[in-house]
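**Q** This is the structure, below, for whatever I ask next.
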Amino acid sequence: MDNKLEKLAKLEAQIKAGGGEERVKAQHDSGKLTARERLNLLFDKGTFQEMDAFVEHRSTSFGMEKTYIPADGVITGYGKVNERTVCAFAQDFTARGGTLGEMHARKIAKIMDLAMSIKSPIVGLIDSGGARIQEGVNALDGYGKIFFRNSNASGFIPQISAIMGPAAGGAVYSPAMTDFVFMVKKTSYMYITGPGVVKTVTGEEISDEELGGALTHFTKSGVAQFACDNDEETIKEIKQLLGYLPESCEDKPPYAAPTDSPERTEARLDGIIPESAQQSYNMKEVIYAIVDNGEFLEPASKFAQNIITCFARMNGHVVGIIANQPMYLAGCLDINASDKATRFIRFCDAFNIPLLTLTDVPGYLPGSHQEWGGIIRHGAKLLWCYSEATVPKITLITRKAYGGAYIAMCSQSLGADYTLAWPQAEIAVMGAEGAAAIIHRAEIQAATDPAAKRKEKIAEYRDLLYNPYIAARQGYINAVIKPQESRPRIIAALEALLSKEAARPVRRHGNIPM
């Protein structure tokens, strides 16, 4: 028996050593933790249970039969994160560059299947040289099996990816199919074709970082929702995100006993809207003021900054907040903002997270670039996803709500359950300047002083329609409130709506305008 135990201990030590001291040192020297170090940070101490540690590849081509790859380059298992079960896999770059082959992919597929069967979130820590070329089509088939499971798991369990090294070619698609993507600044990158191929095909010279680094995908492409300074910060933020998410679509998001009064009012909100409609203010200050303890987590904070998407708590209940940001593009909706909001809203709806919409929107961004880029198609997504969502939907209009953008920001016509407005709210088909010019065109042109007449008619339009009371009289606004009362009024509505049940027509699925 002693010999068998010694053999087991020797094999375990060999597997846990990864690619060996030299490669582990190279991993550390490049500013990265090893796969096992990352998992140790993610899981509560002593809870991680590794699966399939003894799995080895079966390739015999190109001398691979003589090559030993510990755990076949990926560590899989489950454990507790903040006392809740989570499944995970971590590719081991020290072991043959974390390349994906048949058995490597089979291990990932198996832990994904387990995550779905036990209804727990799955976290993938990506650090891989891509497909294992020696295994050819078997490696490609492995990616396909993972993509298939990403699709099946979507909307059923939360899926989180962290790019913590290279991810190129087919390796980038699985993270893109998950719900949230984290990247690490200066040590991670993802792209379909690398700088070498780009130069050969187009002649463009570009670095890994410029082409597919963390800041590129965090600020420009929108592929990554988080860009962190190092591996430790990445794991910390993943754990923070998981704290807002249910374990599956069959659960409610985790409730946290509040330490902030639900009756708290904020007098500063009464003066946050500038006197001039042309002046901006920071919508995040509104969010800070109304959520529990002023705390929220904002995915995609540097992409499409004209719209804010974030998780927060209201009297301990998780909410997803979508808000126009007047500080960027005056809060207009454009292609990227529509896509960003749509993705977030559909995630929240899939996982029983109520939606709070804060509206201050002058319209859709005009211009040929937007029209040619498909703002009609992209903008329609926002209408679609709000209409599709069956979770509680509360809307607060703080200032401007014009035209189609008013509708798109979760108006009652799209199914908002409770709609509030501040007294400063301006709900109209369009801005006063444009409306007056159209309605009173003939009168303005005939006036002895057209400029003065135009100014008079603009003021007239403002006085008549630039208020929330016409909409309130028609029942489109349920309450006009003092800004300082926003937190208690929203919490009261939210808690009344938590038992909401809604149904949609039975069908295979809708055909969202993509």
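Chain labels follow the order of the structure tokens: the first chain is A, the next B, and so on; residue numbering restarts at 1 in every chain, and ligands are counted from 1 in their shown order.
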Write out as a ChimeraX atom specification which residues come within 9 Å of Phe311 of chain A when counting only C-alpha atoms, dropping same-chain ones fewer than 4 positions away.

**A** /A:241,244,295-299,318-321

**Q** Could you please write out, as number ranges by chain, every residue of segment 293-474 of chain A that DSSP assigns to strand (DSSP E or B)?

**A** A: 296-297, 307-314, 317-324, 333, 355-361, 364, 393-402, 418-421, 426-428

**Q** Ile287 of chain A: which residues within 9 Å, counting only C-alpha atoms, same-chain residues fewer than 2 positions away excluded, as an NGL selection string?

**A** :A and (283-285 or 289-291 or 294-296 or 312 or 321 or 323 or 358)

**Q** Hey, what's within 10 Å of Leu396 of chain A if we count only C-alpha atoms and toss same-chain stuff fewer than 4 positions away? As a list in words, please?

**A**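 The neighbour list is Ala323, Leu356, Thr357, Leu358, Thr359, Asp360, Met409, Cys410, Ser411, Tyr418, Thr419, Leu420, Ala421, Trp422, Ala425, Ile477, Ala479, Val480, Ile481, Pro483, Ser486 and Ile490 of chain A.
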
**Q** What are the DSSP helix (DSSP H, G or I) residues of segment 153-254 of chain A, as a VMD selection string?

**A** chain A and resid 153 169 to 177 195 to 202 208 to 212 214 to 221 231 to 242

**Q** I'd like the neighbourhood of Met64 of chain A as a PDB file with N, CA and C atoms, in the first residue's frame, where a residue qualifies if any of its atoms comes within 8 Å (using only C-alpha atoms), though same-chain residues fewer than 4 positions away should be ignored.

**A**
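The resulting around12.pdb:
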ATOM      1  N   SER A  59      -2.474  12.211 -28.784  1.00  0.00           N
ATOM      2  CA  SER A  59      -1.883  12.453 -30.102  1.00  0.00           C
ATOM      3  C   SER A  59      -0.584  11.681 -30.281  1.00  0.00           C
ATOM      4  N   THR A  60      -0.414  11.131 -31.475  1.00  0.00           N
ATOM      5  CA  THR A  60       0.828  10.412 -31.799  1.00  0.00           C
ATOM      6  C   THR A  60       1.527  11.013 -33.016  1.00  0.00           C
ATOM      7  N   GLN A 134      -0.471  20.233 -33.794  1.00  0.00           N
ATOM      8  CA  GLN A 134      -0.171  18.806 -34.039  1.00  0.00           C
ATOM      9  C   GLN A 134      -1.426  17.935 -34.030  1.00  0.00           C
TER      10      GLN A 134
END

**Q** Just the residues within 9 Å of Ile126 of chain A, please, counting only C-alpha atoms, with nothing from its chain fewer than 3 positions along; format it as a PyMOL selection string.

**A** chain A and resi 89-92+98+161-167+171+175

**Q** With 8 Å as the cut-off and only C-alpha atoms counted, what is the closest atom pair between each nearby residue of segment 255-334 of chain A and segment 340-352 of chain A? Distances in Å to one decimal, ordered by chain and number, as a tab-separated table.

**A**
residue	atom	partner	partner_atom	distance
A:Ala300	CA	A:Lys340	CA	7.9
A:Ala304	CA	A:Lys340	CA	7.2
A:Ile307	CA	A:Ala341	CA	7.4
A:Ile308	CA	A:Ala341	CA	8.0
A:Thr309	CA	A:Ala341	CA	6.7
A:Gly320	CA	A:Cys348	CA	6.4
A:Ile322	CA	A:Ala341	CA	6.8

**Q** Check the smallest atom-to-atom distance from each of A:Ala95, A:Val81, A:Val201, A:Val55 to Gly18 of chain A using only C-alpha atoms, then report the winner.

**A**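 Looking only at the distances to Gly18 of chain A, the closest residue turns out to be A:Ala95.
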
**Q** Taking only C-alpha atoms into account, name the residue in A:Ala53, A:Ala435, A:Ile491, A:Ile133 that is nearest to Lys457 of chain A.

**A**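 With only C-alpha atoms as the atom set, the closest residue is A:Ala435.
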